[in-house]
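*Asks:* Before we start, here is the structure in question, set down as structure tokens.
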Amino acid sequence: MTNLPFGFSSQDPDDPDKGDSSQGRSEGGAGGPGDLPGFGFGGMPGPGGMPNFDIGQLGQMLTQLGQALSHSGSSGSGPVNYELAKQLAVQQLHNNQRTERPSQDQVKAIEDAVRLAELWLDATTSLPAGVRSVQTWSSVDWVEKTLPTWQRLCDPVAQRMSSAWLEALPEEAKQAAGPLLSMLGQMGGMTFGSQLGNGLAQLGGEVLTSTDVGLPLAPAGTAALLPANIERFIEGLDRPISEATVFLAAREAAHHRLFSHVPWLGQRLLATVEEYARGIHIDTSALEDLAGKVDPTNPSSMQELMGSGMLEPKTTPEQQVALNRLETLLALVEGWVDVVVADAVGDRLPGAGALGETVRRRRATGGPAEQTFATLIGLELRPRRMRDAANLWRLMTERHGVESRDRIWDHPDLLPDSSDLDEPLDFADRWGSGSADLDDPIAAIRRAEADEAAKSDDEGDDSPKRDEN
């Protein structure tokens with residue numbers, strides 16, 4: 001999968017015939033615009049392509065495009081057509097036969113696994129249980145239940161991409177385009193929606209839990225596991241499904257303890273994505289180059305240029321800072337979960353070590369989280385930081401104990417930064433340098449802020465005296 005930012009990824013080259021499938025969702029969610037991935041011109045005949053031209057395919061394409069435009073008008077004026085994204089994702093999951101419904105036995109097994117995991121986690125973290133309900137999802141359930149959170153993540157980037165294009169157009173071009181700008185906005189929303197739908201379809205067939213991508217995608221307090229995906233996950237591991245279910249339930253429950261009892265965490269993650277989005281800039285000169293490279297006799301030339309990365313926004317220094325901050329924060333979340341879960345299940349599940357290593361390798365080789373961030377919103381995670389974060393949390397546990405370690409989450413200013421992940425011993429030494437700070441870290445932060453403010457006031461009082469002399 002490519003690492004182009006949201007709105008610039010190429011469509012799936014291995015899936016050209018998905019739109020011709022008549023297989024649909026029994027609930028009525030299939031068909032329509034989901035059958036036309038990307039809404040590009042790849043199926044149109046170029047010069048020399050007329051001998052293979054099929055008038056029936058053209059009619060089908062125009063019908064589907066009309067349906068898509070109809071849905072575009074009914075799905076709001078936002079930067080992404082989320083109704084299209086959902087329909088496309090569901091359609092692809094059905095085509096790939098990844099929509100198995102959970103059985104009653106699977107539902108009971110997952111509920112029992114989460115209850116057991118919560119008991120074990122009580123001894124390895126001071127954060128109380130955060131799960132209020134347990135659900136067993138199919139891949140389609142995952143798409144539908146997590147889409148509101150994806151909207152919060154994708155809207156800032158897509159909105160900025162759309163406005164950046166408009167800002168980059170010369171004024172005379174805007175006046176000449178007139179009403180066409182509104183249509184371009186709708187087409188942009190469909191393009192983004194198609195792209196998001198492709199990404200959600202891939203994720204829906206792979207994710208194991210609601211927090212598998214390191215973010216709280218499900219409704220607050222809802223723990224969810226996907227048994228069909230778990231069965232595929234353990235193929236070749238030679239571990240029983242019951243053991244893998246308990247292990248993954250422990251990871252899910254640990255994530256919920258963190259996100260439920262660290263109220264600033266989820267908002268900080270979303271705010272960092274928004275900070276990244278604000279820095280998106282389109283190079284106006286690229287638009288001028290594009291005008292000279294589009295072949296009007298070959299409609300697919302536009303799609304080829306869009307997929308070439310020619311118009312890919314360049315990462316600014318401000319965006320790089322936001323990316324580093326997000327990657328570090330996600331690494332701290334995943335590292336903490338790794339340590340807490342290993343301590344909770346290590347002596348109870350014979351295959352815990354193997355399962356944990358499989359999860360880490362899955363992330364390191366481009367698992368769901370890395371692929372989704374890189375493709376949908378241009379954020380590429382660095383898995384090595386997750387191991388570094390786990391090493392830091394392990395050291396903090398051994399040096400200062402569970403309660404003191406978890407107190408680091410009391411305030412965002414207490415968290416380690418990327419340099420601390422490089423030198424965890426220094427962070428552990430600083431954390432243990434004063435017993436008063438360990439007893440009340442928030443008070444320590446306030447004292448530091450007050451000292452800084454007093455220092456600034458003193459400098460302000462001194463400056464006129466120096467001027468008088």
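Letters for chains follow the order of the structure tokens (A, B, ...), residue numbers begin at 1 for each chain, and ligand numbers begin at 1 in the order shown.
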Which residues are near segment 422-433 of chain A? Cut-off 10 Å, only C-alpha atoms, ignore same chain within fewer than 4 positions. Put them as a list in words.
*Replies:*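 Once the nearby chain positions are removed, what remains is Arg385, Asp388, Ala389, Asn391, Leu392, Trp393, Arg394, Leu395, Met396, Thr397, Glu398, Arg399, His400, Ser404, Arg405, Ile408, Leu414, Leu415, Pro416, Asp417, Ser418, Asp437, Leu438 and Pro441 of chain A.
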*Asks:* With N, CA and C atoms retained, export the selected residues as a tab-separated table (two decimals), in the first residue's frame.
*Replies:*
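And here is the file that came out, part_2.tsv:
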```
chain	number	residue	atom	x	y	z
A	385	ARG	N	9.52	2.66	17.55
A	385	ARG	CA	9.24	3.49	18.71
A	385	ARG	C	8.34	2.78	19.71
A	388	ASP	N	10.61	0.79	21.86
A	388	ASP	CA	11.33	1.70	22.75
A	388	ASP	C	10.42	2.15	23.89
A	389	ALA	N	9.16	2.43	23.57
A	389	ALA	CA	8.21	2.85	24.61
A	389	ALA	C	7.96	1.72	25.60
A	391	ASN	N	10.05	-0.60	26.43
A	391	ASN	CA	11.25	-0.68	27.28
A	391	ASN	C	11.21	0.38	28.37
A	392	LEU	N	10.76	1.58	28.02
A	392	LEU	CA	10.68	2.65	29.03
A	392	LEU	C	9.66	2.31	30.11
A	393	TRP	N	8.47	1.84	29.70
A	393	TRP	CA	7.44	1.50	30.69
A	393	TRP	C	7.90	0.34	31.57
A	394	ARG	N	8.61	-0.62	31.00
A	394	ARG	CA	9.13	-1.73	31.79
A	394	ARG	C	10.13	-1.23	32.84
A	395	LEU	N	11.00	-0.33	32.42
A	395	LEU	CA	11.98	0.23	33.36
A	395	LEU	C	11.28	1.02	34.46
A	396	MET	N	10.28	1.80	34.11
A	396	MET	CA	9.54	2.56	35.12
A	396	MET	C	8.83	1.65	36.10
A	397	THR	N	8.31	0.54	35.63
A	397	THR	CA	7.66	-0.42	36.53
A	397	THR	C	8.65	-1.00	37.52
A	398	GLU	N	9.81	-1.38	37.04
A	398	GLU	CA	10.82	-1.99	37.91
A	398	GLU	C	11.42	-0.97	38.89
A	399	ARG	N	11.58	0.26	38.46
A	399	ARG	CA	12.20	1.28	39.31
A	399	ARG	C	11.23	1.87	40.33
A	400	HIS	N	10.00	2.16	39.88
A	400	HIS	CA	9.10	2.97	40.71
A	400	HIS	C	7.77	2.30	41.04
A	404	SER	N	3.15	4.44	40.62
A	404	SER	CA	3.92	5.61	40.21
A	404	SER	C	4.05	5.66	38.68
A	405	ARG	N	4.23	4.52	38.07
A	405	ARG	CA	4.32	4.48	36.61
A	405	ARG	C	3.04	5.01	35.97
A	408	ILE	N	2.12	8.82	35.57
A	408	ILE	CA	2.66	9.63	34.47
A	408	ILE	C	1.54	10.09	33.54
A	414	LEU	N	3.66	15.42	31.72
A	414	LEU	CA	4.48	14.44	32.41
A	414	LEU	C	4.99	13.34	31.48
A	415	LEU	N	4.38	13.21	30.31
A	415	LEU	CA	4.73	12.10	29.42
A	415	LEU	C	6.15	12.21	28.88
A	416	PRO	N	6.79	11.07	28.64
A	416	PRO	CA	8.09	11.09	27.96
A	416	PRO	C	7.95	11.63	26.54
A	417	ASP	N	9.00	12.24	26.02
A	417	ASP	CA	9.01	12.64	24.62
A	417	ASP	C	9.93	11.71	23.83
A	418	SER	N	10.15	12.01	22.57
A	418	SER	CA	10.93	11.10	21.72
A	418	SER	C	12.37	10.95	22.22
A	437	ASP	N	7.56	15.17	44.14
A	437	ASP	CA	6.98	15.16	42.82
A	437	ASP	C	6.26	13.85	42.54
A	438	LEU	N	6.77	12.75	43.09
A	438	LEU	CA	6.10	11.47	42.90
A	438	LEU	C	4.76	11.45	43.62
A	441	PRO	N	2.49	14.84	41.24
A	441	PRO	CA	3.14	15.35	40.02
A	441	PRO	C	2.45	16.58	39.45
```
*Asks:* Can you list, as number ranges by chain, every protein, DNA or RNA residue that comes within 6 Å of Tyr276 of chain A when you count only C-alpha atoms, leaving out same-chain residues fewer than 2 positions away?
*Replies:* A: 273-274, 278-279, 319, 322
*Asks:* Generate a file of the selected residues that holds N, CA and C atoms, formatted as a PDB file, in the first residue's frame.
*Replies:*
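The file below, out04.pdb, is the result:
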```
ATOM      1  N   VAL A 273      -3.749  15.449  14.885  1.00  0.00           N
ATOM      2  CA  VAL A 273      -4.113  15.257  13.474  1.00  0.00           C
ATOM      3  C   VAL A 273      -4.561  16.590  12.872  1.00  0.00           C
ATOM      4  N   GLU A 274      -5.338  17.362  13.619  1.00  0.00           N
ATOM      5  CA  GLU A 274      -5.790  18.655  13.130  1.00  0.00           C
ATOM      6  C   GLU A 274      -4.608  19.608  12.930  1.00  0.00           C
ATOM      7  N   ARG A 278      -3.608  21.488   9.366  1.00  0.00           N
ATOM      8  CA  ARG A 278      -3.491  22.935   9.156  1.00  0.00           C
ATOM      9  C   ARG A 278      -2.246  23.302   8.354  1.00  0.00           C
ATOM     10  N   GLY A 279      -1.257  22.445   8.340  1.00  0.00           N
ATOM     11  CA  GLY A 279      -0.019  22.747   7.630  1.00  0.00           C
ATOM     12  C   GLY A 279       0.000  22.301   6.187  1.00  0.00           C
ATOM     13  N   GLN A 319       4.452  20.434  10.178  1.00  0.00           N
ATOM     14  CA  GLN A 319       3.779  19.142  10.083  1.00  0.00           C
ATOM     15  C   GLN A 319       4.658  18.027  10.629  1.00  0.00           C
ATOM     16  N   ALA A 322       4.288  17.803  14.263  1.00  0.00           N
ATOM     17  CA  ALA A 322       3.017  17.158  14.628  1.00  0.00           C
ATOM     18  C   ALA A 322       3.088  15.653  14.401  1.00  0.00           C
TER      19      ALA A 322
END
```
*Asks:* Under the rule of at most 10 Å, produce a per-residue listing of segment 175-274 of chain A near segment 90-102 of chain A: chain, number, name, the closest pair of atoms, and the distance in Å, as JSON lines, using only C-alpha atoms.
*Replies:*
```
{"residue": "A:Gly197", "atom": "CA", "partner": "A:Val90", "partner_atom": "CA", "distance": 8.2}
{"residue": "A:Asn198", "atom": "CA", "partner": "A:Gln92", "partner_atom": "CA", "distance": 7.7}
{"residue": "A:Leu200", "atom": "CA", "partner": "A:Val90", "partner_atom": "CA", "distance": 8.8}
{"residue": "A:Ala201", "atom": "CA", "partner": "A:Leu93", "partner_atom": "CA", "distance": 5.8}
{"residue": "A:Gln202", "atom": "CA", "partner": "A:Leu93", "partner_atom": "CA", "distance": 8.0}
{"residue": "A:Leu203", "atom": "CA", "partner": "A:Leu93", "partner_atom": "CA", "distance": 9.8}
{"residue": "A:Gly204", "atom": "CA", "partner": "A:Leu93", "partner_atom": "CA", "distance": 7.5}
{"residue": "A:Gly205", "atom": "CA", "partner": "A:Arg98", "partner_atom": "CA", "distance": 5.8}
{"residue": "A:Glu206", "atom": "CA", "partner": "A:Arg98", "partner_atom": "CA", "distance": 9.2}
{"residue": "A:Leu226", "atom": "CA", "partner": "A:Pro102", "partner_atom": "CA", "distance": 8.0}
{"residue": "A:Pro227", "atom": "CA", "partner": "A:Pro102", "partner_atom": "CA", "distance": 6.9}
{"residue": "A:Ala228", "atom": "CA", "partner": "A:Glu100", "partner_atom": "CA", "distance": 6.5}
{"residue": "A:Asn229", "atom": "CA", "partner": "A:Arg98", "partner_atom": "CA", "distance": 8.4}
```
*Asks:* Can you write just those residues out, C-alpha atoms, as a PDB file, in the first residue's frame?
*Replies:*
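And here's selection.pdb as it stands now:
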```
ATOM      1  CA  GLY A 197     -14.027   2.943   1.737  1.00  0.00           C
ATOM      2  CA  ASN A 198     -11.160   0.951   0.216  1.00  0.00           C
ATOM      3  CA  LEU A 200     -11.916   0.507   5.700  1.00  0.00           C
ATOM      4  CA  ALA A 201     -12.612  -2.637   3.660  1.00  0.00           C
ATOM      5  CA  GLN A 202      -9.023  -3.785   4.055  1.00  0.00           C
ATOM      6  CA  LEU A 203      -8.985  -2.937   7.738  1.00  0.00           C
ATOM      7  CA  GLY A 204     -12.354  -4.566   8.371  1.00  0.00           C
ATOM      8  CA  GLY A 205     -11.005  -7.862   7.092  1.00  0.00           C
ATOM      9  CA  GLU A 206      -7.913  -7.685   9.333  1.00  0.00           C
ATOM     10  CA  LEU A 226     -13.919  -9.835  15.814  1.00  0.00           C
ATOM     11  CA  PRO A 227     -13.833 -13.658  16.138  1.00  0.00           C
ATOM     12  CA  ALA A 228     -13.664 -14.405  12.402  1.00  0.00           C
ATOM     13  CA  ASN A 229     -10.568 -12.250  12.039  1.00  0.00           C
TER      14      ASN A 229
END
```
*Asks:* Could you tell me which of A:Pro412, A:Pro128, A:Pro156, A:Gly401 comes closest to Ala277 of chain A if we count only C-alpha atoms?
*Replies:*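 Closest to Ala277 of chain A of all the choices is A:Pro156.
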*Asks:* Given only C-alpha atoms as the basis, pick out the residue of A:His261, A:Lys108, A:His411, A:Arg115 nearest to Ala249 of chain A.
*Replies:*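 Of A:His261, A:Lys108, A:His411, A:Arg115, the one nearest Ala249 of chain A is A:Arg115, counting only C-alpha atoms.
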*Asks:* Of the candidates A:Gly193, A:Gly335, A:Gly78, A:Gly130, which one gets nearest to Thr222 of chain A if we count only C-alpha atoms?
*Replies:*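 The answer is A:Gly130, which sits nearest to Thr222 of chain A.
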*Asks:* Go ahead and compute the interatomic distance for atom CA of Glu318 of chain A and atom CA of Met161 of chain A, in Å to one decimal.
*Replies:*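 Pair atom CA of Glu318 of chain A / atom CA of Met161 of chain A returns 16.3 Å.
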*Asks:* Using only C-alpha atoms, can you tell me which of A:Phe247, A:Asp413, A:Arg363, A:Val339 comes closest to Trp264 of chain A?
*Replies:*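 Smallest separation from Trp264 of chain A among the options: A:Asp413.
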*Asks:* Would you please extract all helix (DSSP H, G or I) residues from segment 73-154 of chain A, as assigned by DSSP on the backbone, and give them as a PyMOL selection string?
*Replies:* chain A and resi 73-74+82-95+104-121+139-154
*Asks:* Can you pull out every residue within 9 Å of Tyr82 of chain A, counting only C-alpha atoms, but drop anything in the same chain fewer than 4 positions away, and send it as a CSV table (one decimal) with all heavy atoms, in the first residue's frame?
*Replies:*
```
chain,number,residue,atom,x,y,z
A,75,SER,N,-25.7,13.3,1.2
A,75,SER,CA,-24.8,12.9,2.3
A,75,SER,C,-24.1,14.1,2.9
A,75,SER,O,-23.2,13.9,3.6
A,75,SER,CB,-23.7,11.9,1.7
A,75,SER,OG,-23.0,12.5,0.7
A,78,GLY,N,-19.9,17.9,3.4
A,78,GLY,CA,-18.6,17.8,4.0
A,78,GLY,C,-17.6,17.4,3.0
A,78,GLY,O,-17.9,17.1,1.8
A,86,LYS,N,-18.9,4.0,3.4
A,86,LYS,CA,-19.5,2.8,4.0
A,86,LYS,C,-20.0,1.8,3.0
A,86,LYS,O,-19.7,0.6,3.2
A,86,LYS,CB,-20.6,3.3,5.0
A,86,LYS,CG,-21.2,2.1,5.7
A,86,LYS,CD,-22.3,2.6,6.7
A,86,LYS,CE,-23.5,3.0,6.1
A,86,LYS,NZ,-24.6,3.3,7.0
A,87,GLN,N,-20.7,2.3,2.0
A,87,GLN,CA,-21.2,1.3,1.0
A,87,GLN,C,-20.1,0.6,0.3
A,87,GLN,O,-20.2,-0.6,0.0
A,87,GLN,CB,-22.1,2.1,0.1
A,87,GLN,CG,-23.4,2.6,0.7
A,87,GLN,CD,-24.4,3.0,-0.3
A,87,GLN,OE1,-24.3,2.7,-1.5
A,87,GLN,NE2,-25.5,3.7,0.1
A,147,LEU,N,-17.1,4.2,12.1
A,147,LEU,CA,-17.1,5.3,11.1
A,147,LEU,C,-17.2,6.7,11.7
A,147,LEU,O,-16.5,7.6,11.2
A,147,LEU,CB,-18.2,5.1,10.0
A,147,LEU,CG,-18.2,5.9,8.8
A,147,LEU,CD1,-16.9,5.7,8.0
A,147,LEU,CD2,-19.4,5.6,7.9
A,151,GLN,N,-14.5,9.7,10.8
A,151,GLN,CA,-14.9,11.0,10.3
A,151,GLN,C,-14.2,12.1,11.1
A,151,GLN,O,-13.7,13.1,10.5
A,151,GLN,CB,-16.4,11.2,10.5
A,151,GLN,CG,-17.0,12.5,9.9
A,151,GLN,CD,-18.5,12.6,9.9
A,151,GLN,OE1,-19.1,11.6,10.1
A,151,GLN,NE2,-19.0,13.7,9.6
A,189,GLY,N,-15.3,15.0,-2.7
A,189,GLY,CA,-15.9,14.2,-1.6
A,189,GLY,C,-16.1,12.8,-2.0
A,189,GLY,O,-15.9,11.9,-1.1
A,190,MET,N,-16.5,12.5,-3.2
A,190,MET,CA,-16.6,11.1,-3.7
A,190,MET,C,-15.3,10.4,-3.8
A,190,MET,O,-15.1,9.2,-3.4
A,190,MET,CB,-17.3,11.0,-5.0
A,190,MET,CG,-18.8,11.4,-4.9
A,190,MET,SD,-19.7,11.0,-6.4
A,190,MET,CE,-18.9,12.1,-7.6
A,192,PHE,N,-12.5,11.1,-2.0
A,192,PHE,CA,-12.1,10.8,-0.7
A,192,PHE,C,-12.9,9.7,-0.1
A,192,PHE,O,-12.3,8.8,0.6
A,192,PHE,CB,-12.2,12.1,0.2
A,192,PHE,CG,-11.2,13.2,-0.2
A,192,PHE,CD1,-11.6,14.5,0.1
A,192,PHE,CD2,-10.0,12.9,-0.7
A,192,PHE,CE1,-10.7,15.5,-0.3
A,192,PHE,CE2,-9.1,13.9,-1.1
A,192,PHE,CZ,-9.5,15.3,-0.8
A,193,GLY,N,-14.2,9.7,-0.3
A,193,GLY,CA,-15.0,8.7,0.2
A,193,GLY,C,-14.7,7.3,-0.3
A,193,GLY,O,-14.7,6.3,0.4
A,194,SER,N,-14.4,7.2,-1.7
A,194,SER,CA,-14.0,6.0,-2.3
A,194,SER,C,-12.7,5.5,-1.7
A,194,SER,O,-12.5,4.3,-1.4
A,194,SER,CB,-13.8,6.2,-3.8
A,194,SER,OG,-13.3,5.1,-4.4
A,196,LEU,N,-11.4,6.2,1.3
A,196,LEU,CA,-11.7,5.8,2.7
A,196,LEU,C,-12.4,4.4,2.7
A,196,LEU,O,-12.1,3.6,3.5
A,196,LEU,CB,-12.5,6.8,3.4
A,196,LEU,CG,-12.9,6.5,4.8
A,196,LEU,CD1,-11.7,6.3,5.7
A,196,LEU,CD2,-13.9,7.6,5.4
A,197,GLY,N,-13.3,4.2,1.8
A,197,GLY,CA,-14.0,2.9,1.7
A,197,GLY,C,-13.1,1.8,1.4
A,197,GLY,O,-13.2,0.7,2.0
```
